[in-house]
file structure-v9.cif (mmCIF, C-alpha atoms)
data_work
loop_
_atom_site.group_PDB
_atom_site.id
_atom_site.type_symbol
_atom_site.label_atom_id
_atom_site.label_comp_id
_atom_site.auth_asym_id
_atom_site.auth_seq_id
_atom_site.Cartn_x
_atom_site.Cartn_y
_atom_site.Cartn_z
ATOM 1 C CA MET A 582 -5.364 90.418 -165.575
ATOM 2 C CA PRO A 583 -1.719 89.580 -165.911
ATOM 3 C CA ALA A 584 -0.599 86.157 -167.049
ATOM 4 C CA GLY A 585 1.351 84.218 -164.473
ATOM 5 C CA ILE A 586 1.459 81.709 -161.671
ATOM 6 C CA GLN A 587 0.233 82.261 -158.130
ATOM 7 C CA VAL A 588 1.858 80.233 -155.363
ATOM 8 C CA GLU A 589 0.302 80.008 -151.891
ATOM 9 C CA VAL A 590 2.718 78.866 -149.178
ATOM 10 C CA HIS A 591 1.787 77.537 -145.745
ATOM 11 C CA PRO A 592 3.009 80.085 -143.140
ATOM 12 C CA GLU A 593 5.111 77.539 -141.187
ATOM 13 C CA LEU A 594 7.188 76.915 -144.305
ATOM 14 C CA ALA A 595 7.066 80.515 -145.541
ATOM 15 C CA ASN A 596 8.672 81.738 -142.308
ATOM 16 C CA LYS A 597 11.819 79.782 -143.245
ATOM 17 C CA VAL A 598 12.096 81.316 -146.726
ATOM 18 C CA ALA A 599 14.468 84.184 -147.530
ATOM 19 C CA ASP A 600 14.560 83.662 -151.319
ATOM 20 C CA ALA A 601 11.943 82.058 -153.569
ATOM 21 C CA THR A 602 12.304 81.442 -157.312
ATOM 22 C CA LEU A 603 9.912 79.937 -159.807
ATOM 23 C CA THR A 604 10.983 78.656 -163.222
ATOM 24 C CA VAL A 605 8.384 77.822 -165.876
ATOM 25 C CA CYS A 606 9.312 75.944 -169.063
ATOM 26 C CA TRP A 607 7.452 75.003 -172.266
ATOM 27 C CA ASP A 608 8.587 74.182 -175.804
ATOM 28 C CA GLY A 609 12.275 74.711 -174.946
ATOM 29 C CA THR A 610 11.558 78.162 -173.445
ATOM 30 C CA CYS A 611 12.050 78.890 -169.743
ATOM 31 C CA ARG A 612 11.183 81.937 -167.656
ATOM 32 C CA LYS A 613 12.691 82.382 -164.173
ATOM 33 C CA ARG A 614 11.039 84.749 -161.704
ATOM 34 C CA THR A 615 11.611 85.765 -158.094
ATOM 35 C CA LEU A 616 8.573 85.357 -155.841
ATOM 36 C CA GLN A 617 7.947 87.905 -153.136
ATOM 37 C CA LEU A 618 5.865 86.306 -150.444
ATOM 38 C CA GLY A 619 3.512 88.475 -148.372
ATOM 39 C CA LYS A 620 1.157 87.610 -145.543
ATOM 40 C CA THR A 621 -2.582 87.624 -146.178
ATOM 41 C CA SER A 622 -5.595 86.104 -144.449
ATOM 42 C CA LEU A 623 -7.350 83.158 -146.104
ATOM 43 C CA GLU A 624 -10.537 85.246 -146.220
ATOM 44 C CA GLU A 625 -8.922 87.942 -148.365
ATOM 45 C CA PRO A 626 -9.181 87.539 -152.136
ATOM 46 C CA ALA A 627 -6.055 86.185 -153.779
ATOM 47 C CA PRO A 628 -3.986 88.947 -155.380
ATOM 48 C CA GLY A 629 -3.879 89.038 -159.164
ATOM 49 C CA ASN A 630 -0.845 91.208 -159.633
ATOM 50 C CA PRO A 631 2.870 90.842 -158.969
ATOM 51 C CA VAL A 632 2.885 93.086 -155.887
ATOM 52 C CA MET A 633 2.254 90.916 -152.820
ATOM 53 C CA THR A 634 2.355 93.201 -149.801
ATOM 54 C CA THR A 635 -1.093 92.854 -148.218
ATOM 55 C CA GLU A 636 -1.234 92.469 -144.456
ATOM 56 C CA SER A 637 -3.841 90.535 -142.522
ATOM 57 C CA ALA A 638 -6.101 92.573 -140.260
ATOM 58 C CA THR A 639 -5.204 92.586 -136.574
ATOM 59 C CA ALA A 640 -7.961 91.153 -134.396
ATOM 60 C CA ALA A 641 -9.175 93.127 -131.395
ATOM 61 C CA GLU A 642 -7.738 92.038 -128.052
ATOM 62 C CA GLY A 643 -9.882 89.586 -126.137
ATOM 63 C CA PRO A 644 -10.391 85.836 -125.695
ATOM 64 C CA ALA A 645 -11.159 85.285 -129.384
ATOM 65 C CA ALA A 646 -7.912 87.045 -130.347
ATOM 66 C CA ARG A 647 -5.857 84.587 -128.247
ATOM 67 C CA THR A 648 -7.256 81.469 -129.979
ATOM 68 C CA PRO A 649 -6.861 81.634 -133.759
ATOM 69 C CA GLN A 650 -9.921 80.389 -135.614
ATOM 70 C CA PRO A 651 -9.423 78.194 -138.714
ATOM 71 C CA SER A 652 -10.719 81.017 -140.924
ATOM 72 C CA GLU A 653 -8.010 83.327 -139.511
ATOM 73 C CA LEU A 654 -5.060 81.170 -140.600
ATOM 74 C CA SER A 655 -2.737 82.901 -143.016
ATOM 75 C CA VAL A 656 -1.087 81.908 -146.263
ATOM 76 C CA TRP A 657 1.851 83.570 -147.944
ATOM 77 C CA PRO A 658 1.019 84.084 -151.630
ATOM 78 C CA GLY A 659 3.438 85.068 -154.330
ATOM 79 C CA PHE A 660 2.653 85.859 -157.947
ATOM 80 C CA ALA A 661 5.118 85.385 -160.797
ATOM 81 C CA GLU A 662 4.060 87.447 -163.789
ATOM 82 C CA ILE A 663 4.875 85.662 -167.056
ATOM 83 C CA ARG A 664 3.396 87.715 -169.894
ATOM 84 C CA ASP A 665 3.723 84.999 -172.552
ATOM 85 C CA LEU A 666 2.498 82.104 -170.383
ATOM 86 C CA PRO A 667 0.684 79.757 -172.780
ATOM 87 C CA GLY A 668 -2.575 77.893 -172.314
ATOM 88 C CA LYS A 669 -0.837 74.547 -172.746
ATOM 89 C CA PRO A 670 1.128 72.263 -170.401
ATOM 90 C CA VAL A 671 4.090 73.892 -168.658
ATOM 91 C CA HIS A 672 6.714 72.493 -166.277
ATOM 92 C CA VAL A 673 7.170 74.481 -163.047
ATOM 93 C CA THR A 674 10.161 74.315 -160.690
ATOM 94 C CA LEU A 675 9.861 76.055 -157.330
ATOM 95 C CA VAL A 676 12.944 76.604 -155.135
ATOM 96 C CA PHE A 677 13.004 78.152 -151.645
ATOM 97 C CA ARG A 678 16.229 79.060 -149.832
ATOM 98 C CA ASN A 679 16.736 80.149 -146.230
ATOM 99 C CA GLN A 680 18.852 83.051 -144.883
ATOM 100 C CA ARG A 681 22.040 80.967 -145.187
ATOM 101 C CA GLY A 682 21.321 80.093 -148.816
ATOM 102 C CA ALA A 683 20.480 76.458 -148.070
ATOM 103 C CA THR A 684 17.654 74.916 -150.087
ATOM 104 C CA VAL A 685 14.487 74.571 -148.014
ATOM 105 C CA LEU A 686 12.307 73.318 -150.876
ATOM 106 C CA ASP A 687 12.936 72.176 -154.459
ATOM 107 C CA ARG A 688 9.781 70.832 -156.130
ATOM 108 C CA GLN A 689 8.530 70.360 -159.672
ATOM 109 C CA ILE A 690 5.032 70.047 -161.096
ATOM 110 C CA SER A 691 3.322 70.213 -164.477
ATOM 111 C CA THR A 692 0.143 72.194 -165.031
ATOM 112 C CA THR A 693 -1.889 73.771 -167.812
ATOM 113 C CA PRO A 694 -2.564 77.494 -167.226
ATOM 114 C CA GLN A 695 -6.147 78.556 -167.869
ATOM 115 C CA PRO A 696 -7.430 81.870 -169.237
ATOM 116 C CA SER A 697 -8.618 84.291 -166.564
ATOM 117 C CA TYR A 698 -11.922 86.142 -166.912
ATOM 118 C CA PRO A 699 -11.679 89.267 -164.728
ATOM 119 C CA ASN A 700 -14.843 90.756 -166.237
ATOM 120 C CA GLY A 701 -16.841 87.524 -166.479
ATOM 121 C CA ARG A 702 -16.993 84.755 -169.047
ATOM 122 C CA ASN A 703 -19.002 86.910 -171.458
ATOM 123 C CA CYS A 704 -15.991 89.201 -171.934
ATOM 124 C CA SER A 705 -12.597 88.602 -173.497
ATOM 125 C CA PRO A 706 -10.215 86.579 -171.329
ATOM 126 C CA GLY A 707 -7.210 88.065 -169.566
ATOM 127 C CA GLY A 708 -3.846 86.345 -169.294
ATOM 128 C CA HIS A 709 -3.407 82.641 -168.664
ATOM 129 C CA GLN A 710 -2.932 81.776 -164.990
ATOM 130 C CA ALA A 711 -2.193 78.766 -162.817
ATOM 131 C CA ARG A 712 -2.455 78.395 -159.050
ATOM 132 C CA LEU A 713 -0.200 76.230 -156.920
ATOM 133 C CA MET A 714 -0.018 75.584 -153.208
ATOM 134 C CA VAL A 715 2.864 74.491 -150.979
ATOM 135 C CA THR A 716 1.677 72.578 -147.919
ATOM 136 C CA GLU A 717 3.237 72.680 -144.454
ATOM 137 C CA GLU A 718 4.999 69.392 -145.255
ATOM 138 C CA GLY A 719 6.489 70.886 -148.444
ATOM 139 C CA SER A 720 4.257 69.190 -151.016
ATOM 140 C CA LEU A 721 3.578 71.207 -154.175
ATOM 141 C CA ILE A 722 -0.006 70.750 -155.358
ATOM 142 C CA LEU A 723 -2.354 72.229 -157.965
ATOM 143 C CA ARG A 724 -5.123 74.547 -156.775
#
call {"tool": "encode", "arguments": {"input": "structure-v9.cif", "output": "structure tokens"}}
result
Amino acid sequence: MPAGIQVEVHPELANKVADATLTVCWDGTCRKRTLQLGKTSLEEPAPGNPVMTTESATAAEGPAARTPQPSELSVWPGFAEIRDLPGKPVHVTLVFRNQRGATVLDRQISTTPQPSYPNGRNCSPGGHQARLMVTEEGSLILR
């Protein structure tokens, strides 16, 4: 599993975003990455690679298709691969800009990435990862 930071964005906010960047800093070192946001259903597993192009399944036409169920809501995840992301505290800055280049969101948070275990805890860990979420109101929180 690649090392990096996954960011889930509420769809209401994600629809306003044309450009998303994530900067991670530790020990005087910073890495800046572009996030590509892609639509996915909440029931789908979170992607663990930098390519975020999954589409949510289209529901069949009918009464249930007209009224979205809570489990059908979508999030817009992005993954910033940072190969040397350490397992110690890092400072994250997330900036979203709209089509005109105006800042839609500029938030900061500190987190400690954890090792990932793609093959279970009895096997060697993969890269360190952290998960963040941006709420509809624009709050940046740890997941």
call {"tool": "closest_residue", "arguments": {"input": "structure-v9.cif", "among": "A:Phe660, A:Asp665, A:Cys611, A:Ile722", "to": "Ile690 (chain A)", "atoms": "only C-alpha atoms"}}
result
A:Ile722
call {"tool": "closest_residue", "arguments": {"input": "structure-v9.cif", "among": "A:Pro670, A:Gly701, A:Pro694, A:Gly619", "to": "Glu589 (chain A)", "atoms": "only C-alpha atoms"}}
result
A:Gly619
call {"tool": "atom_distance", "arguments": {"input": "structure-v9.cif", "atom1": "CA of Leu666 (chain A)", "atom2": "CA of Ala599 (chain A)"}}
result
25.9 Å
call {"tool": "closest_residue", "arguments": {"input": "structure-v9.cif", "among": "A:Gly668, A:Gly682, A:Gly609, A:Gly659", "to": "Pro706 (chain A)", "atoms": "only C-alpha atoms"}}
result
A:Gly668
call {"tool": "axis_aligned_box", "arguments": {"input": "structure-v9.cif", "around": "region 607-612 of chain A", "padding_each_side": "3 Å", "output": "AutoDock Vina command-line options"}}
result
--center_x 9.9 --center_y 78.1 --center_z -171.7 --size_x 10.8 --size_y 13.8 --size_z 14.1
call {"tool": "closest_residue", "arguments": {"input": "structure-v9.cif", "among": "A:Val671, A:Leu686, A:Ala601, A:Val588", "to": "Glu718 (chain A)", "atoms": "all atoms listed in the file"}}
result
A:Leu686
call {"tool": "decode", "arguments": {"input": "structure-v9.cif", "residues": "region 676-699 of chain A", "atoms": "N, CA and C atoms", "output": "mmCIF file, in the first residue's frame"}}
result
data_model
loop_
_atom_site.group_PDB
_atom_site.id
_atom_site.type_symbol
_atom_site.label_atom_id
_atom_site.label_comp_id
_atom_site.auth_asym_id
_atom_site.auth_seq_id
_atom_site.Cartn_x
_atom_site.Cartn_y
_atom_site.Cartn_z
ATOM 1 N N VAL A 676 -5.903 23.166 0.591
ATOM 2 C CA VAL A 676 -6.427 24.366 -0.067
ATOM 3 C C VAL A 676 -7.255 23.942 -1.283
ATOM 4 N N PHE A 677 -8.496 24.455 -1.337
ATOM 5 C CA PHE A 677 -9.380 24.243 -2.485
ATOM 6 C C PHE A 677 -9.605 25.586 -3.156
ATOM 7 N N ARG A 678 -9.594 25.577 -4.506
ATOM 8 C CA ARG A 678 -9.886 26.787 -5.275
ATOM 9 C C ARG A 678 -11.008 26.468 -6.271
ATOM 10 N N ASN A 679 -11.812 27.484 -6.583
ATOM 11 C CA ASN A 679 -12.885 27.297 -7.546
ATOM 12 C C ASN A 679 -12.382 27.575 -8.961
ATOM 13 N N GLN A 680 -13.306 27.575 -9.939
ATOM 14 C CA GLN A 680 -12.949 27.791 -11.350
ATOM 15 C C GLN A 680 -12.276 29.137 -11.592
ATOM 16 N N ARG A 681 -12.614 30.138 -10.795
ATOM 17 C CA ARG A 681 -12.034 31.480 -10.962
ATOM 18 C C ARG A 681 -10.709 31.637 -10.230
ATOM 19 N N GLY A 682 -10.284 30.603 -9.506
ATOM 20 C CA GLY A 682 -9.038 30.676 -8.764
ATOM 21 C C GLY A 682 -9.182 31.204 -7.352
ATOM 22 N N ALA A 683 -10.411 31.512 -6.950
ATOM 23 C CA ALA A 683 -10.653 32.008 -5.587
ATOM 24 C C ALA A 683 -10.588 30.852 -4.593
ATOM 25 N N THR A 684 -10.061 31.116 -3.423
ATOM 26 C CA THR A 684 -9.945 30.091 -2.384
ATOM 27 C C THR A 684 -11.322 29.776 -1.808
ATOM 28 N N VAL A 685 -11.680 28.500 -1.856
ATOM 29 C CA VAL A 685 -12.938 28.008 -1.315
ATOM 30 C C VAL A 685 -12.710 27.458 0.096
ATOM 31 N N LEU A 686 -11.522 26.913 0.327
ATOM 32 C CA LEU A 686 -11.186 26.324 1.620
ATOM 33 C C LEU A 686 -9.679 26.414 1.829
ATOM 34 N N ASP A 687 -9.267 26.765 3.031
ATOM 35 C CA ASP A 687 -7.855 26.792 3.416
ATOM 36 C C ASP A 687 -7.816 26.380 4.881
ATOM 37 N N ARG A 688 -7.519 25.107 5.136
ATOM 38 C CA ARG A 688 -7.538 24.561 6.493
ATOM 39 C C ARG A 688 -6.229 23.852 6.801
ATOM 40 N N GLN A 689 -5.923 23.805 8.091
ATOM 41 C CA GLN A 689 -4.719 23.119 8.569
ATOM 42 C C GLN A 689 -5.099 22.179 9.696
ATOM 43 N N ILE A 690 -4.331 21.091 9.803
ATOM 44 C CA ILE A 690 -4.554 20.108 10.863
ATOM 45 C C ILE A 690 -3.254 19.336 11.076
ATOM 46 N N SER A 691 -3.065 18.854 12.279
ATOM 47 C CA SER A 691 -1.914 17.982 12.565
ATOM 48 C C SER A 691 -2.431 16.575 12.819
ATOM 49 N N THR A 692 -1.676 15.599 12.358
ATOM 50 C CA THR A 692 -2.047 14.198 12.528
ATOM 51 C C THR A 692 -0.784 13.347 12.551
ATOM 52 N N THR A 693 -0.923 12.132 13.022
ATOM 53 C CA THR A 693 0.185 11.175 13.010
ATOM 54 C C THR A 693 -0.201 10.003 12.113
ATOM 55 N N PRO A 694 0.399 9.890 10.923
ATOM 56 C CA PRO A 694 0.096 8.777 10.028
ATOM 57 C C PRO A 694 0.425 7.430 10.689
ATOM 58 N N GLN A 695 -0.411 6.455 10.402
ATOM 59 C CA GLN A 695 -0.246 5.119 10.969
ATOM 60 C C GLN A 695 0.153 4.141 9.874
ATOM 61 N N PRO A 696 0.883 3.075 10.238
ATOM 62 C CA PRO A 696 1.220 2.072 9.217
ATOM 63 C C PRO A 696 -0.047 1.379 8.730
ATOM 64 N N SER A 697 -0.084 1.053 7.460
ATOM 65 C CA SER A 697 -1.209 0.305 6.896
ATOM 66 C C SER A 697 -0.832 -1.175 6.855
ATOM 67 N N TYR A 698 -1.823 -2.029 6.962
ATOM 68 C CA TYR A 698 -1.597 -3.478 6.959
ATOM 69 C C TYR A 698 -2.497 -4.116 5.908
ATOM 70 N N PRO A 699 -2.135 -4.005 4.617
ATOM 71 C CA PRO A 699 -2.991 -4.508 3.556
ATOM 72 C C PRO A 699 -3.172 -6.026 3.584
#
